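Report on one structure; see the data block that follows.
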Amino acid sequence: MPQSKGHLNPGSPGVELDRFEVAPELGDLVRHIWIARWRLPPGQVARQRVLGYPAFNLVIADGAAALFGPDPKLQVRALSGCGWALGLLLRPAAGRVLSPVPPGQLVASSCPVRDAPVDEISRAVSGGARAPALAALVARWLGPAADQVDARGRIVNRVCRLAEEDETIVRVADLARRARLSPRTLERLVVSHIGLPPKWLIECRRLQEAATTLHARPRTDLTALALSLRYVDYAHFSRRYKEVIGETPDQTRAQAAPQRRGSDDAP
């Protein structure tokens, strides 16, 4: 199953989240498909904390489809009752292909997707369709769009993958050098496809790592965590964390600790 660090507090009771691969022909456009299902008692609310990847998500829920732009702040999604949502985590190149407006206009915003096969997908999900059937349905729908990803889009996909996977990249100059691009070309390509600067590609990776670590292992030493993520010091890390997540690292681990009491957290 594909892994993701965008969901900062996975494992909420009553909420199931599955991810699965897409057809190979969609590889330049879609990273993976995710589907959330929830069944919560009356009056109970599950708040899902998400720091999304620097890419678009296409989401089908409540009988409609929408394209969500990247958001450089924490999002909190409150779930209640019973329901489901199916989404596609898109590759960075998808912004130029699927957005009806320049990608920058959809940062922290969304727009409806008029041509999505909402009824067909809703019937498939409600009928208990398995991953291969859903993947095939999505491939039929988005196959023509995937063919529109050009060489520039594939370069942006590669750049974003480098920023996400290479922990030694901590500055935009590092990323430009690894991508064999000038800093100006790198900036232009990334902004034109996702609407955010290259610096956010690096910062997103580090803050996702920090938040998911503190949720899973609340006893983690904060100074050691900051240094492992290559921040200059804890003060710098804590300041950026609060700006994006909306709370201090210590507050995150304090909230996570009751959920993890009795676990095998490392001291």
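Just so we're on the same page: first chain in the structure tokens is A, next is B, and so on; residues restart at 1 for each chain, and ligands are numbered from 1 in the order they show up.
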Would you mind listing what lies within 8 Å of Leu186 in chain A as a ChimeraX atom specification, with only C-alpha atoms counted and same-chain residues fewer than 4 positions away left out? /A:176,181-182,190,198
Please provide the set of residues having any atom within 7 Å of range 62-76 of chain A, restricted to only C-alpha atoms, with same-chain residues fewer than 2 positions apart removed, written as a ChimeraX atom specification. /A:47-60,78,106-113,116,118,244-245
Between A:Arg37, A:Arg240, A:Arg230, A:Arg91, which has the minimum distance to Ile194 in chain A (counting only C-alpha atoms)?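 So, comparing all the options, the nearest one is A:Arg91.
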Could you give me, as a PyMOL selection string, the residues within 7 Å of range 202-205 of chain A, counting only C-alpha atoms and dropping anything in the same chain fewer than 4 positions from it? chain A and resi 53+163-164+170+209
Dump as an mmCIF file, in the first residue's frame, selection limited to C-alpha atoms:
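Done, and the output landed in again_12.cif:
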data_model
loop_
_atom_site.group_PDB
_atom_site.id
_atom_site.type_symbol
_atom_site.label_atom_id
_atom_site.label_comp_id
_atom_site.auth_asym_id
_atom_site.auth_seq_id
_atom_site.Cartn_x
_atom_site.Cartn_y
_atom_site.Cartn_z
ATOM 1 C CA TYR A 53 1.901 17.433 -0.169
ATOM 2 C CA ALA A 163 12.917 17.396 -2.475
ATOM 3 C CA GLU A 164 10.719 14.835 -0.742
ATOM 4 C CA VAL A 170 17.809 21.737 2.928
ATOM 5 C CA GLU A 209 8.250 14.286 9.187
#
DSSP-assigned strand (DSSP E or B) members of range 15-191 of chain A, reported as a PyMOL selection string: chain A and resi 15-20+30-39+45-50+57-61+64-68+75-80+82-90+110-112
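Taking CA of Gly143 in chain A and CA of His7 in chain A as endpoints, the distance between them is 27.2 Å.
Taking only C-alpha atoms into account, Ala145 in chain A lies nearest to A:Asp115 out of the set A:Asp18, A:Asp115, A:Glu187, A:Glu247.
Of note, CA of Ser228 in chain A and CA of Glu167 in chain A are spaced 9.4 Å apart.
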